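The structure appears right after this line, and notes come after that.
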Amino acid sequence: MQIPVAKILSTIAIVLTLVSRSDAASLRVVTTTTDLASLVTTVGGDKVEVEALVPGGFNADFYQPRPSDLFKVHRAKLFMQIGLGLEEWSRDLVNEANNSELVKAQVSVGIPLMDVPKGRVDYSFGDIHPYGNPHYQLDPEAGRIMAQNVFNALSYTDPANKDYFAGNLKTFDERLTAAEKKWDAEMAPFAGSAIIPYHESWSYFARAYKLMIPTTIENKPGFAPSPSRVQEVIEIAKKEKVRAIVTEPYYDISIAQLIGTEAGVPCLNLTIDVGGTSEQKDYISMIDYVVSQFVKAFSGHGN
Ligand SMILES: [Zn+2]
């Protein structure tokens, strides 16, 4: 069946009219990660419409933008990212989105960073953390600063609603403080425990809860371990008496499991972003899920 071109065009025109009407109603924000989108929703409330580019449970280090992402950025007023080179893939996307009005902000400002390379950085070897470790979202205190930076960006872009955003930020701050008390108490018995993560994504969590990381399975962020490296990690796991191997679902889980089995410790396969599991509904429940999985594993009831 042939559909007349004029009919298609008139349908598109109606759709575009609807889109631009809803544009006027609220501030359109595009974020790279779902954690960031969650914080924008928390602070922005009903004044914002937010979309994340990387779906929950995906690896933000290696995301490949889709054509529909171009449209999302094209019609957004504000683009927010984690920074520190995590979203190198977003540079071309933002440039090609043909949106000269777009306000761009990143939320790492003010966060005490880890794994910042000293001296010369060798980009030629494909280091994916060239400006320091970008996986700071697992430190709740970094989450507090992220929310403050979200507030700053929203208030800059939509100053008329600054007081409303400030009220939401205050509520979030209080909820986070209460949650941190709970997490601190739950994790306190395990301070000093050693873990071996697959990737450098657990450094900030370890700093927050005084866990030790003698090594990571990857020798260098973004590079799969060789068989001899796997053997070396098994030896380190035994020697350092690690209590868990930790991976995210998008790494080579069989390697993490093998190391866990050989070292006789549990292997935790955890999503570390909002939407990764159905329990991880927003930033606070995302961390809550992670903490509960650690407590289970360290108490001997792990998965
Ligand atoms: Zn990374």
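Convention: chains lettered A, B, ... in structure tokens order; per-chain residue numbering from 1; ligands numbered from 1 as shown.
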
| Given 9 Å and only C-alpha atoms and all ligand atoms, residues near ligand 1 as a list in words |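 Listing the residues within 9 Å of ligand 1 gives Asn59, Ala60, Asp61, Phe62, Leu86, Ile128, His129, Asn133, Pro134, His135, His199, Glu200, Ser201, Pro221 and Gly222 of chain A.
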
| task | List every residue of region 77-302 of chain A that DSSP, applied to the backbone of this structure, places in strand (DSSP E or B), and write the result as a ChimeraX atom specification. | result | /A:78-81,103-106,130,132,194-197,212,244-247,267-269

| message | If I take CA of Leu39 (chain A) and CA of Ile195 (chain A), how far is one from the other in Å, to one decimal? | response | 28.4 Å

Per residue of region 86-200 of chain A within 9 Å of region 281-296 of chain A, record the nearest atom pair and its distance in Å to one decimal, counting only C-alpha atoms, with rows in chain order and ascending residue number, as JSON lines.
```
{"residue": "A:Gln137", "atom": "CA", "partner": "A:Tyr283", "partner_atom": "CA", "distance": 8.8}
{"residue": "A:Leu138", "atom": "CA", "partner": "A:Ile287", "partner_atom": "CA", "distance": 6.7}
{"residue": "A:Asp139", "atom": "CA", "partner": "A:Ile287", "partner_atom": "CA", "distance": 8.6}
{"residue": "A:Pro140", "atom": "CA", "partner": "A:Ile287", "partner_atom": "CA", "distance": 7.6}
{"residue": "A:Gly143", "atom": "CA", "partner": "A:Tyr283", "partner_atom": "CA", "distance": 7.9}
{"residue": "A:Arg175", "atom": "CA", "partner": "A:Ile284", "partner_atom": "CA", "distance": 8.3}
{"residue": "A:Leu176", "atom": "CA", "partner": "A:Ile284", "partner_atom": "CA", "distance": 6.8}
{"residue": "A:Ala179", "atom": "CA", "partner": "A:Ile284", "partner_atom": "CA", "distance": 7.4}
{"residue": "A:Trp183", "atom": "CA", "partner": "A:Val291", "partner_atom": "CA", "distance": 6.7}
{"residue": "A:Glu186", "atom": "CA", "partner": "A:Val295", "partner_atom": "CA", "distance": 7.0}
{"residue": "A:Met187", "atom": "CA", "partner": "A:Val295", "partner_atom": "CA", "distance": 6.8}
{"residue": "A:Phe190", "atom": "CA", "partner": "A:Val295", "partner_atom": "CA", "distance": 8.3}
```

| request: From a DSSP calculation on the backbone, collect every residue of region 39-184 of chain A in helix (DSSP H, G or I) and output the set as a ChimeraX atom specification. | output: /A:39-47,60-62,67-74,90-96,123-125,136-138,140-157,159-184

Tell me which protein, DNA and RNA residues are within 6 Å of region 75-84 of chain A, counting only C-alpha atoms, leaving out same-chain ones fewer than 4 positions away, and put them as a CSV table (one decimal) with C-alpha atoms, in the first residue's frame.
```
chain,number,residue,atom,x,y,z
A,28,ARG,CA,14.7,19.6,28.5
A,29,VAL,CA,17.8,18.0,29.9
A,30,VAL,CA,20.0,15.2,28.3
A,31,THR,CA,22.5,13.4,30.5
A,32,THR,CA,25.0,10.8,29.6
A,102,LEU,CA,22.8,24.1,24.2
A,103,VAL,CA,24.2,24.7,27.8
A,104,LYS,CA,26.9,22.1,28.7
A,105,ALA,CA,27.8,21.2,32.2
A,106,GLN,CA,29.8,18.5,33.9
A,107,VAL,CA,29.4,17.4,37.5
A,131,TYR,CA,42.2,12.7,33.6
A,134,PRO,CA,35.6,9.0,36.4
```

| remark: From the list A:Thr271, A:Ser108, A:Ser26, A:Thr216, the nearest residue to Tyr136 (chain A) using only C-alpha atoms is A:Ser108

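Residues surrounding Gly167 (chain A) within 10 Å are Val43, Gly44, Lys162, Phe172 and Asp173 of chain A [only C-alpha atoms; sequence separation below 5 positions excluded].
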
Given the selection you just returned, output its residues as a file containing C-alpha atoms, formatted as a short mmCIF file (atom, residue, chain, number, x, y, z; two decimals), in the first residue's frame.
```cif
data_model
loop_
_atom_site.label_atom_id
_atom_site.label_comp_id
_atom_site.auth_asym_id
_atom_site.auth_seq_id
_atom_site.Cartn_x
_atom_site.Cartn_y
_atom_site.Cartn_z
CA VAL A 43 16.50 18.34 41.87
CA GLY A 44 14.48 19.46 38.83
CA LYS A 162 16.01 28.47 41.42
CA PHE A 172 17.79 15.17 48.69
CA ASP A 173 20.66 16.24 50.96
#
```

Set out as a tab-separated table a contact list for region 206-225 of chain A and region 112-118 of chain A with a cut-off of 12 Å, giving each residue of region 206-225 of chain A that qualifies its closest atom pair and distance in Å to one decimal, counting only C-alpha atoms, ordered by chain and rising residue number.
```
residue	atom	partner	partner_atom	distance
A:Ala206	CA	A:Met114	CA	11.1
A:Arg207	CA	A:Met114	CA	9.3
A:Ala208	CA	A:Pro112	CA	11.7
A:Lys220	CA	A:Asp115	CA	11.7
A:Pro221	CA	A:Asp115	CA	10.9
```

| query | To one decimal place, how far is CA of Gly57 (chain A) from CA of Trp89 (chain A) in Å? | reply |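 We find that CA of Gly57 (chain A) and CA of Trp89 (chain A) lie 17.5 Å from each other.
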
| request: May I ask which of the residues A:Gly275, A:Glu262, A:Ala153, A:Phe58 is the closest one to Glu248 (chain A), counting only C-alpha atoms? | output: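 Ranked by minimum distance to Glu248 (chain A), first place goes to A:Phe58.
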
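Interatomic distance, CA of Lys182 (chain A) against CA of Thr34 (chain A): 23.6 Å.
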
| request: Would you please work out which residue, of A:Asp46, A:Glu235, A:Asp273, A:Asp163, is nearest to Pro249 (chain A) when using only C-alpha atoms? | output: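 For Pro249 (chain A), the nearest of the given residues is A:Asp273.
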